[in-house]
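*Asks:* Please read through the structure below; I'll follow up with questions.
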Amino acid sequence: MFDKLSDRLGGVFDKLRGRGALKEEDVRAAMREVRIALLEADVALPVVREFVEKVTEKAVGQAVLKSVTPGQQVVKIVNDGLTEMLGSEVSELDLAVAPPAIIMMVGLQGSGKTTTTAKIAKRLKDKDNKKVLMASLDVNRPAAQEQLAVLGEQIDAATLPIVEGQQPVEIAKRALQASKLQGFDVLMLDTAGRLHVDQQLMDEMKAVADVATPQEILLVVDSLTGQDAVNVAKNFSEQVDLSGVVLTRMDGDARGGAALSMRSVTGKPIKFVGVGEKIDALEEFHPERVAGRILGMGDVVSLVEKAAQVVDKEESEALAERMAKGQFDMNDLRSQLRQMTKMGGLGALANMMPGMKKAKAAMAGGAMDDKILLRMDAIIGSMTREERVRPGLLNAKRKRRVAMGSGTTVQDVNKLLKMHQEMSKAMKRIKKMGGIKGLMSMFG
Ligand code: GDP
């Protein structure tokens, strides 16, 4: 559903990626386009404004000064902004109470409330092994209670027997009693919807919430309705204490605005998304994954976070062992450099590694792009085995030979040696900080 937004943002970042250094005006120009892209995706205006402001501030302050691959860094900043906009963390259902835990479902008619009730019940049953009772309190829509009963049979979950003429609050009380007596872990209350938000609906909802005191009040909204969905959510959240939102029809071609604005406008997390009519078409909502999907740049974005995982584990362990003995020779440096190359680009990571900033400053122009990594690799490649283990052997004559062999200059060789020294020092510091584990924990 985020295809169009994703395309547009991709275009913006493509332009940035070619830049060696990022100027403030480049960031501002990019952010103007990001702004348009978000508005076109139907994201609420105040949300867009705040987002663009925050991201610009961060990107201008950071990328210009420090970044080696500024485009990537901006992508990362935008990604973090999107993740925050989407709610940062996965919000799970909070059912940690003495059973029965009560989940009350609210929303407008046709939003997918009844279907979602059954979807969540199935999930609780299958994934969490919960014994679930569902009860429909919808006495307005003809056959609403029957619909839930049919779904209950389909997923093999119990539904509260229908008693003609009973009103929602009474049904809620009966459901509560039944779930206690019959030992259900979870009671799901599917409340009535209306075509529009009206006072009668809100009053009924509040009365039910008063007798049921639910742990979760989930609002179901149709993502296809875009900004309307957000307004509906805002209305509801002002009237009852919602614990979260379920966005349905995310399998449709909604532009994404509802998903992107929901958190900021209502302050409530999206807990699930409906992705189809089938009863198992329900997914947890993972803000970072969604942000990554929107940017279509999962790789770039996770570069920094995933660094620790990408680094070859065996090699890291071997290195850790050697470090513990206080060893860090040219072979180690080379394997470090190669891992960096593998991770691609690497500006951001280099900034995070202890000692790397200094080492970087020691290199040509302070910039460390892939070319420099390759050049350093070539220099080490031209050293003899002894020289790699004992770099101290490299006198002026040997340096000249290595420079010739690698197509570089003695100056470059010296810079590499300086970098090796800085890194050795850093490694010693790391050792003091608790070894490689300490380093890894810095990557988050
Ligand atoms: P309610 O009036 O809010 O209880 O809505 P229903 O649960 O009866 O759903 C209305 C229609 O939307 C039904 O045809 C559902 O199959 C459909 N529906 C619900 N959730 C989704 C979803 O995530 N994706 C799609 N494509 N259809 C859905």
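In the structure tokens, chains take the letters A, B, ... in the order shown, each chain's residues start at 1, and ligands count up from 1 in the order shown.
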Return as a ChimeraX atom specification every polymer residue, whether protein, DNA or RNA, with at least one atom no more than 9 Å from an atom of ligand 1; count only C-alpha atoms and all ligand atoms.
*Replies:* /A:106-118,138,141,144,147-148,190-194,220-223,247-252,273-279,281-282
*Asks:* To one decimal place in Å, what is the distance between atom CA of Glu24 of chain A and atom CA of Val60 of chain A?
*Replies:*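 Distance reported for this atom pair: 5.6 Å.
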*Asks:* Go ahead and compute the interatomic distance for atom CA of Glu386 of chain A and atom CA of Asp332 of chain A, in Å to one decimal.
*Replies:* 13.6 Å
*Asks:* Rounded to one decimal in Å, what is the spacing between atom CA of Gly81 of chain A and atom CA of Glu283 of chain A?
*Replies:* 22.4 Å
*Asks:* Write down as a ChimeraX atom specification the residues of segment 73-284 of chain A whose backbone DSSP state falls under strand (DSSP E or B).
*Replies:* /A:101-107,132-136,158-159,186-190,216-222,244-248,270-274,282-284
*Asks:* Excluding segment 394-408 of chain A and residues on its chain fewer than 5 positions from it, collect all residues at most 10 Å away from it, counting only C-alpha atoms, and give them as a list of chain:residue names.
*Replies:*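 Counting only C-alpha atoms, the residues come to A:Arg375, A:Met376, A:Asp377, A:Ala378, A:Ile379, A:Ile380, A:Gly381, A:Ser382, A:Met383, A:Thr384, A:Glu386, A:Glu387, A:Arg388, A:Val413, A:Asn414, A:Leu417.
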*Asks:* Calculated over only C-alpha atoms, which of the candidates A:Leu187, A:Ile217, A:Leu16, A:Val169 has the smallest distance to Gln73 of chain A?
*Replies:*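 Ranked by minimum distance to Gln73 of chain A, first place goes to A:Leu16.
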*Asks:* Check the smallest atom-to-atom distance from each of A:Gly183, A:Pro214, A:Pro269, A:Gly256 to Val240 of chain A using only C-alpha atoms, then report the winner.
*Replies:*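 Selected residue with least distance to Val240 of chain A: A:Pro214.
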*Asks:* Using only C-alpha atoms, which of A:Lys15, A:Lys234, A:Lys58, A:Lys415 sits nearest Ile372 of chain A?
*Replies:* A:Lys415
*Asks:* Quick one: pick out all helix (DSSP H, G or I) residues within segment 45-125 of chain A from a backbone DSSP run and write them as a ChimeraX atom specification.
*Replies:* /A:45-66,70-86,113-125
*Asks:* Considering only C-alpha atoms, state which residue in the set A:Gly267, A:Pro46, A:Pro99, A:Pro168 is at the smallest distance from Leu242 of chain A.
*Replies:*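 Looking at the shortest contact to Leu242 of chain A, the residue is A:Gly267.
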*Asks:* Find the spatial neighbours of Val163 of chain A, counting only C-alpha atoms, within a cut-off of 10 Å - ignore same-chain residues fewer than 4 positions away - and output them as a list in words.
*Replies:*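 Residues meeting the cut-off are Gln145, Gln167 and Ile171 of chain A.
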*Asks:* Using only C-alpha atoms, which protein or nucleic acid residues come within 12 Å of Arg123 of chain A? Drop anything in the same chain fewer than 2 positions from it, and give the result as a JSON list (two decimals) with N, CA and C atoms, in the first residue's frame.
*Replies:*
[["chain", "number", "residue", "atom", "x", "y", "z"],
["A", 93, "LEU", "N", -0.80, -6.90, 22.75],
["A", 93, "LEU", "CA", -1.96, -6.86, 23.64],
["A", 93, "LEU", "C", -1.48, -7.08, 25.05],
["A", 116, "THR", "N", -12.42, -8.63, 12.49],
["A", 116, "THR", "CA", -11.19, -8.47, 13.27],
["A", 116, "THR", "C", -11.30, -9.14, 14.64],
["A", 117, "THR", "N", -12.49, -9.08, 15.22],
["A", 117, "THR", "CA", -12.71, -9.76, 16.50],
["A", 117, "THR", "C", -12.36, -11.24, 16.36],
["A", 118, "ALA", "N", -12.90, -11.84, 15.30],
["A", 118, "ALA", "CA", -12.63, -13.26, 15.08],
["A", 118, "ALA", "C", -11.15, -13.50, 14.76],
["A", 119, "LYS", "N", -10.55, -12.59, 14.01],
["A", 119, "LYS", "CA", -9.14, -12.75, 13.66],
["A", 119, "LYS", "C", -8.26, -12.75, 14.92],
["A", 120, "ILE", "N", -8.56, -11.81, 15.81],
["A", 120, "ILE", "CA", -7.76, -11.73, 17.04],
["A", 120, "ILE", "C", -8.01, -12.95, 17.91],
["A", 121, "ALA", "N", -9.29, -13.37, 17.99],
["A", 121, "ALA", "CA", -9.62, -14.55, 18.79],
["A", 121, "ALA", "C", -8.84, -15.76, 18.28],
["A", 125, "LYS", "N", -6.02, -17.90, 20.30],
["A", 125, "LYS", "CA", -6.25, -19.33, 20.45],
["A", 125, "LYS", "C", -5.04, -20.11, 19.94],
["A", 126, "ASP", "N", -4.66, -19.83, 18.70],
["A", 126, "ASP", "CA", -3.62, -20.61, 18.05],
["A", 126, "ASP", "C", -2.22, -20.29, 18.57],
["A", 127, "LYS", "N", -1.95, -19.01, 18.71],
["A", 127, "LYS", "CA", -0.58, -18.62, 19.07],
["A", 127, "LYS", "C", -0.33, -18.68, 20.57],
["A", 128, "ASP", "N", -1.33, -18.23, 21.34],
["A", 128, "ASP", "CA", -1.11, -18.10, 22.78],
["A", 128, "ASP", "C", -1.85, -19.15, 23.59],
["A", 129, "ASN", "N", -2.52, -20.04, 22.85],
["A", 129, "ASN", "CA", -3.21, -21.10, 23.54],
["A", 129, "ASN", "C", -4.26, -20.63, 24.53],
["A", 130, "LYS", "N", -4.94, -19.57, 24.20],
["A", 130, "LYS", "CA", -5.94, -19.02, 25.12],
["A", 130, "LYS", "C", -7.33, -19.59, 24.79],
["A", 131, "LYS", "N", -8.10, -19.70, 25.86],
["A", 131, "LYS", "CA", -9.48, -20.11, 25.68],
["A", 131, "LYS", "C", -10.31, -18.82, 25.57],
["A", 132, "VAL", "N", -10.89, -18.64, 24.38],
["A", 132, "VAL", "CA", -11.52, -17.34, 24.10],
["A", 132, "VAL", "C", -13.04, -17.45, 23.94],
["A", 155, "ILE", "N", -13.70, -20.72, 13.36],
["A", 155, "ILE", "CA", -12.38, -20.78, 14.00],
["A", 155, "ILE", "C", -12.39, -21.65, 15.25],
["A", 156, "ASP", "N", -13.53, -22.28, 15.47],
["A", 156, "ASP", "CA", -13.67, -23.16, 16.61],
["A", 156, "ASP", "C", -13.44, -22.43, 17.94],
["A", 157, "ALA", "N", -14.08, -21.27, 18.06],
["A", 157, "ALA", "CA", -14.03, -20.53, 19.32],
["A", 157, "ALA", "C", -15.47, -20.35, 19.80],
["A", 186, "VAL", "N", -9.88, -15.29, 27.87],
["A", 186, "VAL", "CA", -10.12, -13.99, 27.24],
["A", 186, "VAL", "C", -11.58, -13.86, 26.82],
["A", 272, "PHE", "N", -2.53, -3.91, 15.40],
["A", 272, "PHE", "CA", -2.60, -4.91, 14.33],
["A", 272, "PHE", "C", -3.02, -4.25, 13.04],
["A", 279, "ILE", "N", -9.60, -15.19, 7.61],
["A", 279, "ILE", "CA", -9.59, -15.06, 9.06],
["A", 279, "ILE", "C", -8.16, -15.01, 9.64],
["A", 280, "ASP", "N", -7.19, -15.45, 8.88],
["A", 280, "ASP", "CA", -5.83, -15.33, 9.40],
["A", 280, "ASP", "C", -5.07, -14.14, 8.79],
["A", 281, "ALA", "N", -5.80, -13.30, 8.08],
["A", 281, "ALA", "CA", -5.15, -12.14, 7.45],
["A", 281, "ALA", "C", -5.02, -10.98, 8.44],
["A", 282, "LEU", "N", -4.27, -11.22, 9.49],
["A", 282, "LEU", "CA", -4.04, -10.21, 10.52],
["A", 282, "LEU", "C", -2.56, -10.22, 10.87],
["A", 283, "GLU", "N", -1.95, -9.05, 10.91],
["A", 283, "GLU", "CA", -0.53, -9.00, 11.23],
["A", 283, "GLU", "C", -0.26, -8.04, 12.37],
["A", 284, "GLU", "N", 0.80, -8.35, 13.11],
["A", 284, "GLU", "CA", 1.26, -7.38, 14.10],
["A", 284, "GLU", "C", 1.82, -6.19, 13.35]]
